[in-house]
Amino acid sequence: MFRLFCVLFVSSFPLVAQVIPRPMAEKSAAGNLRLGPEVKVAFPEGGEALLAPMLRHAGLKASAAGAADAVVKFQTPAAGDKIASGEGYRLKITPDGVTIVATTPAGRLYGWQSFVQIAEAAEKSDGTTSLACREIADKPRFAWRGYMLDESRHFTGEAGVKRLLDAMSRYKLNRFHWHLTDSPGWRIEIKRYPELTRTGGRGNESDLRPDAPAQFYTQDQVRDIVAYAKERGIIVIPEIDMPGHADAAVKAYPEHDGGGFLQKGRTDKWPRFTFNPAKKETLEFLDHILDEVASLFPDAGVIHFGGDEVHFGWHKWPELPEVQDLMKRENLKQLADVETWFNRRMAGKINQLGFKTGGWDEIAARELPADQTLVWWWRHDKPQVLRQALDAGYPVVLCPRRPCYFDFVQHESHQTGRRWGGFNPLQDVYQFPKGLDLSDADANQVLGIQACLWTEAAVTQARRDFLTWPRLIALAEAAWTPEKRKDFASFETRLKSQLAWLEGHGIGFYDPFAGSPEVSDKGAKPEYPDKPE
Ligand code: ACM
């Protein structure tokens with residue numbers, strides 16, 4: 001059995017913060033805690049299976065022990081502790097052991113994640129890991145710390161999503177916005193409408209073969225992923241995009257076609273871009289889809305119904321008899337009014353199901369109830385839309401293309417990926433949302449920040465990883481750490497060891513220190529990670 005003992009002297013090294021995201025407050029203390037290869041932990045009930053493996057990368061083995069023998073213990077806070085409540089925690093390392101004080105499973109998880117990172121960075125010699133004593137008091141700046149993955153244009157699959165969720169949890173990100181439907185493919189099984197996946201799930205942005213394998217998540221897989229995320233402190237927000245971005249669904253069920261347009265020189269983009277916004281049977285079809293989605297995501301709190309870019313593809317609406325009838329009946333003057341009518345109708349359904357409605361920032365103009373609706377501000381070139389959403393009283397998630405869209409390149413030298421008056425380097429992601437000049441009242445309406453990975457130009461998992469990491473670590477610190485504690489130079493120092501963690505977990509990344517070669521998707525073939533049908 002390994003002996004635990006302490007060395008009672010003040011470390012001659014100044015304490016370098018090792019944790020990402022950087023904690024709200026951190027204070028070094030005298031002494032070191034010395035750990036042998038096996039660490040006895042009094043796990044919170046049911047926590048061992050989740051927490052123990054996380055310590056492996058520190059070269060330590062966590063084993064369950066009773067409170068009397070444990071070196072790492074979890075405690076509940078004193079009444080009225082404003083830090084160690086919600087997602088917050090306190091972490092104390094003394095020469096005698098580690099105490100994590102938290103109220104909720106998320107707080108305990110985050111305290112543990114911080115301990116794990118400190119243990120990884122600790123000095124090791126002769127089988128002893130030496131942790132400098134310290135106290136951390138920590139809680140998040142933003143309640144919403146998110147990442148969106150576009151599964152439609154190229155599909156990630158269950159293993160890739162779980163690996164992503166592991167990493168998100170490590171960096172205390174807590175919202176996974178799952179973009180499950182869009183024009184290239186429908187990726188979620190709906191029992192009542194099997195053609196949505198059988199037909200609508202075939203193909204992707206770079207595989208247009210009519211007999212391409214169907215790629216989608218079964219309902220069992222969805223439930224499993226939602227539970228996996230929940231254990232890791234992450235809520236999964238489903239997005240079912242409507243009334244635009246509907247080609248895949250309409251390919252499967254053409255009776256719901258609301259028309260679209262053909263992009264110049266193409267036959268695949270996007271002739272069936274919209275659902276018919278006024279046909280009774282189409283609205284019921286969408287209702288039934290939302291019924292199943294609601295039952296699969298019981299804790300999501302919000303169902304995102306897209307609502308973006310509709311005007312790019314609504315040109316056929318005036319020809320639809322149902323739209324003509326609706327406009328007469330409701331005295332609607334223009335197509336934007338039809339869009340508003342549709343949004344209000346479907347948002348009503350989502351609210352009836354007990355969820356708030358989420359939508360891209362176009363919905364800020366759609367007259368939805370402010371207390372039942374969340375707006376995602378994405379058009380960085382339209383600050384007036386953010387203003388409109390805030391003035392209308394909507395809670396807002398900030399994810400402007402610059403710097404939050406990770407399909408933009410991250411280094412000047414990179415050749416593939418988007419640019420729009422610039423690109424999205426690590427430092428810009430880190431600084432966000434500084435520079436938006438939000439008033440205190442505005443800030444109260446900002447739920448948080450989110451990165452989005454659109455996958456038109458992300459054919460392979462290696463490419464998706466390359467675009468995501470390490471920028472998502474920068475976003476995690478931007479979302480968690482108070483503005484006055486953010487410091488890019490310090491972040492860069494701490495980031496180096498995180499790259500080793502990513503590598504150890506099979507996650508690719510761009511190495512900004514080594515300037516690693518670009519992982520491009522030029523000429524890449526789409527992958528079919530799960531067994532194709
Ligand atoms: C979007 O990028 N269309 C939300």
# chains A, B, ... in the order shown; residues from 1 in each chain; ligands from 1
$ select_by_dssp --residues "segment 120-337 of chain A" --states "strand (DSSP E)" --output "number ranges by chain"
A: 123-125, 128-138, 144-150, 175-179, 235-242, 302-306
$ residues_near_ligand --ligand "ligand 1" --cutoff "8 Å" --atoms "only C-alpha atoms and all ligand atoms" --output "NGL selection string"
:A and (306 or 308-309 or 360-361 or 378-379 or 401 or 454)
$ write_last_selection --atoms "C-alpha atoms" --output "tab-separated table (two decimals), in the first residue's frame"
chain	number	residue	atom	x	y	z
A	306	GLY	CA	-34.19	26.74	-37.06
A	308	ASP	CA	-33.04	30.67	-40.69
A	309	GLU	CA	-32.62	31.90	-44.26
A	360	TRP	CA	-31.69	31.55	-35.34
A	361	ASP	CA	-31.81	35.33	-35.19
A	378	TRP	CA	-25.39	34.42	-35.71
A	379	ARG	CA	-25.23	37.23	-38.31
A	401	ARG	CA	-20.02	33.88	-37.47
A	454	TRP	CA	-21.04	23.76	-40.08
$ atom_distance --atom1 "atom CA of His179 of chain A" --atom2 "atom CA of Leu472 of chain A"
17.3 Å
$ residues_around --residues "Ile234 of chain A" --least-positions-apart "6" --cutoff "7 Å" --atoms "only C-alpha atoms" --output "VMD selection string"
chain A and resid 174 to 176
$ atom_distance --atom1 "atom CA of Pro529 of chain A" --atom2 "atom CA of Glu195 of chain A"
21.2 Å
$ residues_around --residues "His256 of chain A" --least-positions-apart "3" --cutoff "10 Å" --atoms "only C-alpha atoms" --output "VMD selection string"
chain A and resid 246 249 to 253 259 272 274 to 283 285 to 286
$ closest_residue --among "A:Val302, A:Gln372, A:Asp521, A:Val397" --to "Ser206 of chain A" --atoms "only C-alpha atoms"
A:Asp521
$ residues_around --residues "Ala441 of chain A" --least-positions-apart "6" --cutoff "12 Å" --atoms "only C-alpha atoms" --output "list in words"
Arg387, Leu390, Asp391, Gly393 and Pro395 of chain A
$ atom_distance --atom1 "atom CA of Glu503 of chain A" --atom2 "atom CA of Trp469 of chain A"
10.8 Å
$ select_by_dssp --residues "segment 93-214 of chain A" --states "alpha helix (DSSP H)" --output "VMD selection string"
chain A and resid 105 to 121 158 to 170 195 to 198
$ closest_residue --among "A:Pro318, A:Gly448, A:Gly97, A:Gly258" --to "Trp377 of chain A" --atoms "only C-alpha atoms"
A:Gly448
$ residues_around --residues "Trp270 of chain A" --least-positions-apart "3" --cutoff "8 Å" --atoms "only C-alpha atoms" --output "number ranges by chain"
A: 183, 247, 260-263, 267, 273, 313
$ closest_residue --among "A:Arg198, A:Lys356, A:Lys73, A:Arg34" --to "Asp211 of chain A" --atoms "only C-alpha atoms"
A:Arg198
$ residues_around --residues "segment 455-464 of chain A" --least-positions-apart "4" --cutoff "6 Å" --atoms "only C-alpha atoms" --output "mmCIF file with C-alpha atoms, in the first residue's frame"
data_model
loop_
_atom_site.group_PDB
_atom_site.id
_atom_site.type_symbol
_atom_site.label_atom_id
_atom_site.label_comp_id
_atom_site.auth_asym_id
_atom_site.auth_seq_id
_atom_site.Cartn_x
_atom_site.Cartn_y
_atom_site.Cartn_z
ATOM 1 C CA ASP A 150 -23.997 20.106 -38.091
ATOM 2 C CA ARG A 153 -23.844 18.020 -44.324
ATOM 3 C CA HIS A 154 -21.432 15.396 -43.058
ATOM 4 C CA GLY A 508 -7.124 15.817 -33.750
ATOM 5 C CA VAL A 519 -5.917 19.168 -42.445
ATOM 6 C CA ASP A 521 -10.788 18.198 -47.012
ATOM 7 C CA PRO A 526 -16.943 11.066 -46.854
#
$ closest_residue --among "A:Arg266, A:Thr99, A:Ala227, A:Arg187" --to "Leu208 of chain A" --atoms "only C-alpha atoms"
A:Arg266
$ closest_residue --among "A:Lys191, A:His245, A:Lys230, A:Lys40" --to "Ala67 of chain A" --atoms "only C-alpha atoms"
A:Lys40
